[in-house]
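This report refers to the structure that appears directly beneath it.
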Amino acid sequence: MSSALETLRRDFGGDIVEPGGAEYESASRTVLASGSPAHVLRPESAGDVQAGVRFAASAGLSLSVRGGGHSYAGFGTNDGGVVIDLSRLADAEITDKERHLVRIGGGATWGQVAVTLAPHGLAISSGDTKSVGVGGLSLTGGIGWKVRKYGLALDNMVAAEVVTANAELVHASAQENPELFWAIRGGGGNFGIVTAFEFVAHPTTDVFHGKIAFPASEAATVLQGWADYLRTAPEELTSVVDFANPFAGGPEAPVEIYVAFDGDDPQQAAQAIDPIRALGTVTGDDIALKPYAETLVDGEAPPPGIQFVLRSAFSGKESVPEVLRVLAEVRASQRSPFIAVRSVGGAVSRVPADATAYAHRQAELMVVTFTAGPAPAVAAARPALEAIWERLGPHVNGAYANFLASATEDDVAAIYPAQTYKRLTAVKRRYDPGNLFSRNHNIRPQ
């Protein structure tokens, strides 16, 4: 260990933060999780990342990789191991104006990227939170306000630079290391540390964005009408429904339909959004034209001691009516979690099922339940949560890795169907046979 640490101090050009240091308290935790790592490394270059990987491997220490730090499962920190914090590798630059190619550092956040691209009239389909990392989101999916028009974030990735478990820096694209490129688009951080991405951006205008609220009593009809309409709505329209919010009344909380229309023509926007307004009694409507970057919200850190239970699953067209019926009934319960339903389909569904390791191309909706609070409150809520998911179980499938607060074998099996997992295992054996990158929804090499 002492020899490995001496080598690290010699070769590493960034900061090494250790217990007792002035920055350790903040460096040891993420937005959503706390830890007590032995070393937090803040690389300044890809070479520093390579040095950090060599150190963790030679010292036999657990390795966590941190981008934005929004992992609900706490992957961005650990106890007694090494954290490689990529926050200083956050540059974003347009490298080819004609092709709209953008090079983005592995530690950049989507807010940084949106601000960089906005003056050029460009955007990349991403998530919906400014402080979420480009890496964490893109390696497992990327469902946000442009998903129905431009697909997942990972669908717009064309190349990546990856530090593998043997500390080699490799280029992954459709032409170079194509199996690795396939795997990192959906397989998470299992195969290495991405120090830089290359994305294709698209021209963008301001967008119409906001929410339309309906009374809780109209939940059943509004939800079904919303899902029916989204099947034929223009792909410029992406939408999310939130309801049963415990902080807004629980069973009496309004049904809030958030929409983003990807365009600045008011007549086209009205034609796309008005059918949603007609679904019920509108009690609030704040949809307005705004820059795309302003649709991304700030991600707030919770108070210390707060635990999360976050679950997700997908629904195909044939199961949507029953899924929404169950959720409308659950909403009326005093013990309902916060519920969100996201529209997908569109551009996501047109990508061949085996083109990337993201496996849920034909889903029409994604269902998410969220519960948070002190440990005793979360423990008390678990039986009701399990009962809800038992009811949903026959009608949903899969899981979205970015919306899970756990990393059990069942979670991994839900994220990756058998054939996808088998192919990922082969890539894992090639690039990380010792499973150094295991702090994730883990693909085991054997």
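Every chain in the structure tokens takes a letter, A first, then B, and so on in the order presented; its residues are numbered from 1, and the ligands are numbered from 1 following the presented order.
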
Running DSSP on the backbone, which parts of range 31-85 of chain A land in alpha helix (DSSP H), as a CSV table (one decimal) with C-alpha atoms, in the first residue's frame?
```csv
chain,number,residue,atom,x,y,z
A,46,ALA,CA,-6.9,11.6,-18.4
A,47,GLY,CA,-3.4,10.7,-17.3
A,48,ASP,CA,-4.3,11.4,-13.7
A,49,VAL,CA,-7.3,9.1,-14.1
A,50,GLN,CA,-5.0,6.4,-15.3
A,51,ALA,CA,-2.8,6.9,-12.3
A,52,GLY,CA,-5.8,6.7,-10.0
A,53,VAL,CA,-6.9,3.4,-11.6
A,54,ARG,CA,-3.5,1.9,-11.2
A,55,PHE,CA,-3.4,3.0,-7.6
A,56,ALA,CA,-6.8,1.5,-6.7
A,57,ALA,CA,-5.9,-1.8,-8.5
A,58,SER,CA,-2.5,-2.2,-7.0
A,59,ALA,CA,-3.7,-1.3,-3.5
```

* Within 8 Å of range 330-347 of chain A using only C-alpha atoms, minus same-chain residues under 5 positions, as a PyMOL selection string -> chain A and resi 143+147-151+227+230+235+238-246+250-252+361-371+381+384-385+388

* To do: List every residue of range 148-249 of chain A that DSSP, applied to the backbone of this structure, places in strand (DSSP E or B), and write the result as number ranges by chain.
  => A: 157-163, 169-173, 193-200, 202-203, 207-214, 237-243

Selection file, N, CA and C atoms, as a short mmCIF file (atom, residue, chain, number, x, y, z; two decimals), in the first residue's frame:
```
data_model
loop_
_atom_site.label_atom_id
_atom_site.label_comp_id
_atom_site.auth_asym_id
_atom_site.auth_seq_id
_atom_site.Cartn_x
_atom_site.Cartn_y
_atom_site.Cartn_z
N MET A 157 -24.61 9.87 -28.55
CA MET A 157 -23.17 9.70 -28.33
C MET A 157 -22.56 9.00 -29.53
N VAL A 158 -21.42 9.52 -30.01
CA VAL A 158 -20.78 8.89 -31.17
C VAL A 158 -19.39 8.37 -30.86
N ALA A 159 -18.83 8.74 -29.72
CA ALA A 159 -17.51 8.23 -29.35
C ALA A 159 -17.24 8.54 -27.88
N ALA A 160 -16.25 7.86 -27.32
CA ALA A 160 -15.84 8.11 -25.94
C ALA A 160 -14.40 7.69 -25.75
N GLU A 161 -13.71 8.38 -24.83
CA GLU A 161 -12.38 7.97 -24.40
C GLU A 161 -12.54 7.31 -23.03
N VAL A 162 -12.04 6.09 -22.90
CA VAL A 162 -12.30 5.28 -21.72
C VAL A 162 -10.99 4.78 -21.12
N VAL A 163 -10.81 4.98 -19.83
CA VAL A 163 -9.70 4.37 -19.10
C VAL A 163 -10.19 3.02 -18.58
N LEU A 169 -5.85 3.95 -21.90
CA LEU A 169 -6.80 4.91 -22.45
C LEU A 169 -7.15 4.48 -23.87
N VAL A 170 -8.40 4.11 -24.08
CA VAL A 170 -8.82 3.61 -25.39
C VAL A 170 -9.94 4.49 -25.94
N HIS A 171 -10.05 4.49 -27.26
CA HIS A 171 -11.10 5.23 -27.96
C HIS A 171 -12.17 4.23 -28.37
N ALA A 172 -13.41 4.55 -28.04
CA ALA A 172 -14.52 3.65 -28.37
C ALA A 172 -15.51 4.37 -29.27
N SER A 173 -15.83 3.72 -30.39
CA SER A 173 -16.80 4.27 -31.33
C SER A 173 -17.32 3.10 -32.17
N ILE A 193 -13.65 4.11 -16.98
CA ILE A 193 -13.98 5.50 -16.64
C ILE A 193 -13.90 6.33 -17.91
N VAL A 194 -15.02 6.93 -18.28
CA VAL A 194 -15.04 7.77 -19.47
C VAL A 194 -14.50 9.15 -19.11
N THR A 195 -13.39 9.51 -19.73
CA THR A 195 -12.78 10.82 -19.47
C THR A 195 -13.27 11.89 -20.43
N ALA A 196 -13.83 11.47 -21.58
CA ALA A 196 -14.39 12.43 -22.54
C ALA A 196 -15.40 11.73 -23.43
N PHE A 197 -16.45 12.45 -23.75
CA PHE A 197 -17.48 11.97 -24.67
C PHE A 197 -17.48 12.83 -25.93
N GLU A 198 -17.97 12.25 -27.01
CA GLU A 198 -18.28 13.02 -28.21
C GLU A 198 -19.74 12.78 -28.55
N PHE A 199 -20.50 13.87 -28.61
CA PHE A 199 -21.92 13.81 -28.93
C PHE A 199 -22.20 14.58 -30.21
N VAL A 200 -23.30 14.23 -30.86
CA VAL A 200 -23.85 15.04 -31.93
C VAL A 200 -24.99 15.86 -31.35
N HIS A 202 -27.98 18.96 -31.82
CA HIS A 202 -28.93 19.33 -32.86
C HIS A 202 -29.31 20.80 -32.72
N PRO A 203 -29.67 21.45 -33.80
CA PRO A 203 -30.14 22.84 -33.70
C PRO A 203 -31.39 22.91 -32.85
N VAL A 207 -38.18 26.64 -26.30
CA VAL A 207 -39.19 25.59 -26.24
C VAL A 207 -40.34 26.04 -25.34
N PHE A 208 -41.51 25.48 -25.56
CA PHE A 208 -42.64 25.71 -24.67
C PHE A 208 -42.61 24.67 -23.56
N HIS A 209 -42.56 25.13 -22.33
CA HIS A 209 -42.35 24.22 -21.21
C HIS A 209 -43.12 24.72 -19.99
N GLY A 210 -43.64 23.78 -19.22
CA GLY A 210 -44.34 24.12 -17.98
C GLY A 210 -45.27 23.00 -17.59
N LYS A 211 -46.22 23.30 -16.71
CA LYS A 211 -47.13 22.25 -16.24
C LYS A 211 -48.58 22.72 -16.30
N ILE A 212 -49.45 21.72 -16.46
CA ILE A 212 -50.89 21.91 -16.43
C ILE A 212 -51.41 21.06 -15.28
N ALA A 213 -52.17 21.66 -14.38
CA ALA A 213 -52.64 20.95 -13.19
C ALA A 213 -54.13 20.64 -13.29
N PHE A 214 -54.49 19.47 -12.74
CA PHE A 214 -55.87 19.01 -12.70
C PHE A 214 -56.20 18.55 -11.28
N LEU A 237 -43.41 16.79 -28.73
CA LEU A 237 -44.00 16.89 -27.40
C LEU A 237 -43.53 15.74 -26.52
N THR A 238 -42.90 16.07 -25.42
CA THR A 238 -42.53 15.10 -24.39
C THR A 238 -43.25 15.50 -23.11
N SER A 239 -43.66 14.50 -22.32
CA SER A 239 -44.50 14.82 -21.16
C SER A 239 -44.25 13.87 -20.01
N VAL A 240 -44.45 14.40 -18.79
CA VAL A 240 -44.32 13.65 -17.55
C VAL A 240 -45.51 14.01 -16.67
N VAL A 241 -46.08 13.01 -16.00
CA VAL A 241 -47.16 13.26 -15.06
C VAL A 241 -46.67 12.97 -13.65
N ASP A 242 -46.88 13.92 -12.73
CA ASP A 242 -46.58 13.75 -11.31
C ASP A 242 -47.89 13.81 -10.53
N PHE A 243 -48.03 12.92 -9.53
CA PHE A 243 -49.22 12.98 -8.69
C PHE A 243 -48.95 12.28 -7.36
#
```

Distance query range 18-21 of chain A at most 12 Å, only C-alpha atoms, self and fewer than 2 positions along chain excluded, as an mmCIF file with N, CA and C atoms, in the first residue's frame:
```cif
data_model
loop_
_atom_site.group_PDB
_atom_site.id
_atom_site.type_symbol
_atom_site.label_atom_id
_atom_site.label_comp_id
_atom_site.auth_asym_id
_atom_site.auth_seq_id
_atom_site.Cartn_x
_atom_site.Cartn_y
_atom_site.Cartn_z
ATOM 1 N N LEU A 5 0.931 4.111 -2.840
ATOM 2 C CA LEU A 5 0.599 5.497 -2.522
ATOM 3 C C LEU A 5 1.729 6.436 -2.914
ATOM 4 N N ASP A 15 -5.539 16.852 -7.130
ATOM 5 C CA ASP A 15 -5.559 16.866 -5.666
ATOM 6 C C ASP A 15 -5.862 15.484 -5.115
ATOM 7 N N ILE A 16 -5.234 15.168 -3.992
ATOM 8 C CA ILE A 16 -5.517 13.949 -3.244
ATOM 9 C C ILE A 16 -6.069 14.388 -1.886
ATOM 10 N N GLU A 23 -10.830 19.743 3.004
ATOM 11 C CA GLU A 23 -11.948 19.534 2.084
ATOM 12 C C GLU A 23 -12.565 18.145 2.206
ATOM 13 N N TYR A 24 -12.117 17.361 3.166
ATOM 14 C CA TYR A 24 -12.538 15.959 3.184
ATOM 15 C C TYR A 24 -14.040 15.799 3.401
ATOM 16 N N GLU A 25 -14.612 16.588 4.299
ATOM 17 C CA GLU A 25 -16.032 16.398 4.613
ATOM 18 C C GLU A 25 -16.898 16.512 3.370
ATOM 19 N N SER A 26 -16.660 17.526 2.556
ATOM 20 C CA SER A 26 -17.455 17.692 1.339
ATOM 21 C C SER A 26 -17.034 16.706 0.260
ATOM 22 N N ALA A 27 -15.742 16.390 0.201
ATOM 23 C CA ALA A 27 -15.244 15.483 -0.843
ATOM 24 C C ALA A 27 -15.682 14.051 -0.616
ATOM 25 N N SER A 28 -15.991 13.682 0.608
ATOM 26 C CA SER A 28 -16.309 12.294 0.914
ATOM 27 C C SER A 28 -17.745 11.931 0.612
ATOM 28 N N GLY A 35 -20.138 8.943 2.778
ATOM 29 C CA GLY A 35 -19.177 7.853 2.840
ATOM 30 C C GLY A 35 -17.942 8.295 3.594
ATOM 31 N N SER A 36 -17.005 7.369 3.717
ATOM 32 C CA SER A 36 -15.738 7.682 4.392
ATOM 33 C C SER A 36 -14.582 7.040 3.628
ATOM 34 N N PRO A 37 -14.368 7.465 2.384
ATOM 35 C CA PRO A 37 -13.278 6.884 1.585
ATOM 36 C C PRO A 37 -11.914 7.234 2.170
ATOM 37 N N ALA A 38 -10.931 6.395 1.886
ATOM 38 C CA ALA A 38 -9.565 6.658 2.348
ATOM 39 C C ALA A 38 -8.887 7.710 1.487
ATOM 40 N N HIS A 39 -9.247 7.779 0.210
ATOM 41 C CA HIS A 39 -8.615 8.726 -0.709
ATOM 42 C C HIS A 39 -9.661 9.215 -1.706
ATOM 43 N N VAL A 40 -9.776 10.526 -1.847
ATOM 44 C CA VAL A 40 -10.594 11.114 -2.904
ATOM 45 C C VAL A 40 -9.639 11.794 -3.876
ATOM 46 N N LEU A 41 -9.639 11.329 -5.107
ATOM 47 C CA LEU A 41 -8.721 11.835 -6.131
ATOM 48 C C LEU A 41 -9.486 12.739 -7.083
ATOM 49 N N ARG A 42 -8.921 13.921 -7.326
ATOM 50 C CA ARG A 42 -9.534 14.858 -8.261
ATOM 51 C C ARG A 42 -8.587 15.078 -9.435
ATOM 52 N N ASP A 79 -16.729 3.432 1.644
ATOM 53 C CA ASP A 79 -16.053 3.449 2.940
ATOM 54 C C ASP A 79 -14.703 2.749 2.810
ATOM 55 N N GLY A 80 -13.628 3.502 3.044
ATOM 56 C CA GLY A 80 -12.293 2.920 3.066
ATOM 57 C C GLY A 80 -11.623 2.722 1.732
ATOM 58 N N GLY A 81 -12.270 3.142 0.661
ATOM 59 C CA GLY A 81 -11.709 2.911 -0.665
ATOM 60 C C GLY A 81 -11.229 4.184 -1.336
ATOM 61 N N VAL A 82 -11.232 4.147 -2.660
ATOM 62 C CA VAL A 82 -10.784 5.264 -3.492
ATOM 63 C C VAL A 82 -11.979 5.826 -4.246
ATOM 64 N N VAL A 83 -12.088 7.147 -4.262
ATOM 65 C CA VAL A 83 -13.075 7.827 -5.102
ATOM 66 C C VAL A 83 -12.322 8.643 -6.142
#
```

* To do: Compile the contact shell of range 398-409 of chain A as an NGL selection string: residues with an atom at most 8 Å away, counting only C-alpha atoms, same-chain residues fewer than 6 positions apart removed.
  => :A and (71-74 or 136-137 or 140-141 or 308-314 or 360 or 368 or 415-417 or 440-442)

Create the file for the chosen residues now, containing N, CA and C atoms and written as a short mmCIF file (atom, residue, chain, number, x, y, z; two decimals), in the first residue's frame.
```cif
data_model
loop_
_atom_site.label_atom_id
_atom_site.label_comp_id
_atom_site.auth_asym_id
_atom_site.auth_seq_id
_atom_site.Cartn_x
_atom_site.Cartn_y
_atom_site.Cartn_z
N SER A 71 -26.19 9.61 -7.95
CA SER A 71 -26.61 8.21 -7.85
C SER A 71 -27.42 7.99 -6.58
N TYR A 72 -28.67 7.55 -6.74
CA TYR A 72 -29.51 7.25 -5.58
C TYR A 72 -28.96 6.07 -4.79
N ALA A 73 -28.25 5.18 -5.48
CA ALA A 73 -27.67 4.02 -4.80
C ALA A 73 -26.33 4.34 -4.14
N GLY A 74 -25.85 5.56 -4.28
CA GLY A 74 -24.62 5.98 -3.60
C GLY A 74 -23.34 5.49 -4.23
N GLY A 136 -22.83 9.79 -15.75
CA GLY A 136 -23.77 8.89 -15.09
C GLY A 136 -25.06 8.72 -15.85
N LEU A 137 -25.58 9.83 -16.40
CA LEU A 137 -26.83 9.76 -17.14
C LEU A 137 -26.66 9.01 -18.45
N THR A 140 -26.14 5.05 -18.84
CA THR A 140 -27.25 4.14 -18.54
C THR A 140 -28.54 4.52 -19.25
N GLY A 141 -28.60 5.65 -19.94
CA GLY A 141 -29.83 6.00 -20.64
C GLY A 141 -29.85 7.47 -21.00
N PHE A 308 -33.67 7.09 0.77
CA PHE A 308 -34.52 7.10 -0.41
C PHE A 308 -34.93 5.68 -0.78
N VAL A 309 -36.16 5.54 -1.23
CA VAL A 309 -36.59 4.31 -1.88
C VAL A 309 -37.16 4.73 -3.23
N LEU A 310 -36.43 4.40 -4.27
CA LEU A 310 -36.79 4.79 -5.63
C LEU A 310 -36.87 3.53 -6.48
N ARG A 311 -38.01 3.33 -7.13
CA ARG A 311 -38.17 2.17 -7.99
C ARG A 311 -38.75 2.61 -9.32
N SER A 312 -38.44 1.84 -10.35
CA SER A 312 -38.91 2.18 -11.69
C SER A 312 -39.18 0.92 -12.48
N ALA A 313 -40.02 1.05 -13.47
CA ALA A 313 -40.30 -0.06 -14.38
C ALA A 313 -40.95 0.52 -15.63
N PHE A 314 -41.06 -0.31 -16.66
CA PHE A 314 -41.60 0.13 -17.94
C PHE A 314 -42.91 -0.59 -18.24
N HIS A 360 -34.76 -1.27 -23.31
CA HIS A 360 -36.21 -1.10 -23.14
C HIS A 360 -36.78 -0.18 -24.23
N VAL A 368 -42.37 5.53 -12.05
CA VAL A 368 -41.40 5.75 -10.97
C VAL A 368 -42.16 6.03 -9.68
N ILE A 415 -32.79 -4.54 -15.22
CA ILE A 415 -32.18 -3.57 -16.13
C ILE A 415 -31.73 -4.24 -17.42
N TYR A 416 -31.14 -5.45 -17.29
CA TYR A 416 -30.53 -6.12 -18.44
C TYR A 416 -31.19 -7.47 -18.68
N PRO A 417 -31.99 -7.62 -19.72
CA PRO A 417 -32.52 -8.93 -20.08
C PRO A 417 -31.38 -9.92 -20.33
N ASN A 440 -21.56 -0.18 -9.07
CA ASN A 440 -22.55 0.13 -10.09
C ASN A 440 -23.59 -0.98 -10.07
N HIS A 441 -24.50 -0.94 -11.00
CA HIS A 441 -25.36 -2.11 -11.20
C HIS A 441 -24.50 -3.13 -11.96
N ASN A 442 -23.90 -4.01 -11.18
CA ASN A 442 -22.70 -4.69 -11.62
C ASN A 442 -22.95 -5.84 -12.60
#
```

* Asked: Between A:Gly133, A:Gly142, A:Pro291, A:Pro374, which has the minimum distance to Asp206 in chain A (counting only C-alpha atoms)?
  -> A:Pro291

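Distance check against Trp145 in chain A using only C-alpha atoms: of A:Phe437, A:Tyr292, A:Tyr431, A:Tyr358, the minimum falls on A:Tyr292.
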
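Nearest to Pro254 in chain A of all the residues A:Gln224, A:Ser217, A:Ile273, A:Gln267 is A:Ser217, counting only C-alpha atoms.
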
* **Distance query Arg88 in chain A at most 9 Å, only C-alpha atoms, self and fewer than 4 positions along chain excluded, as a list of chain:residue names** => A:Gly14, A:Arg42, A:Pro43, A:Glu44, A:Ser45, A:Gly105, A:Gly106, A:Gly107, A:Ala108

* Structure fact -> Atom pair CA of Ala233 in chain A + CA of Ile124 in chain A, distance 21.4 Å

* Structure fact -> CA of Ser131 in chain A sits from CA of Gly299 in chain A at a separation of 5.8 Å

* Asked: Which residues come within 12 Å of Asp274 in chain A, counting only C-alpha atoms, excluding same-chain residues fewer than 4 positions away, as JSON, numbers by chain?
  -> {"A": [212, 226, 229, 233, 237, 259, 261, 266, 267, 268, 269, 270, 278, 279, 280, 282, 285, 287]}

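Using only C-alpha atoms for every distance, the candidate list A:Arg439, A:Arg382, A:Arg444, A:Arg350 yields A:Arg439 as the residue closest to Val65 in chain A.
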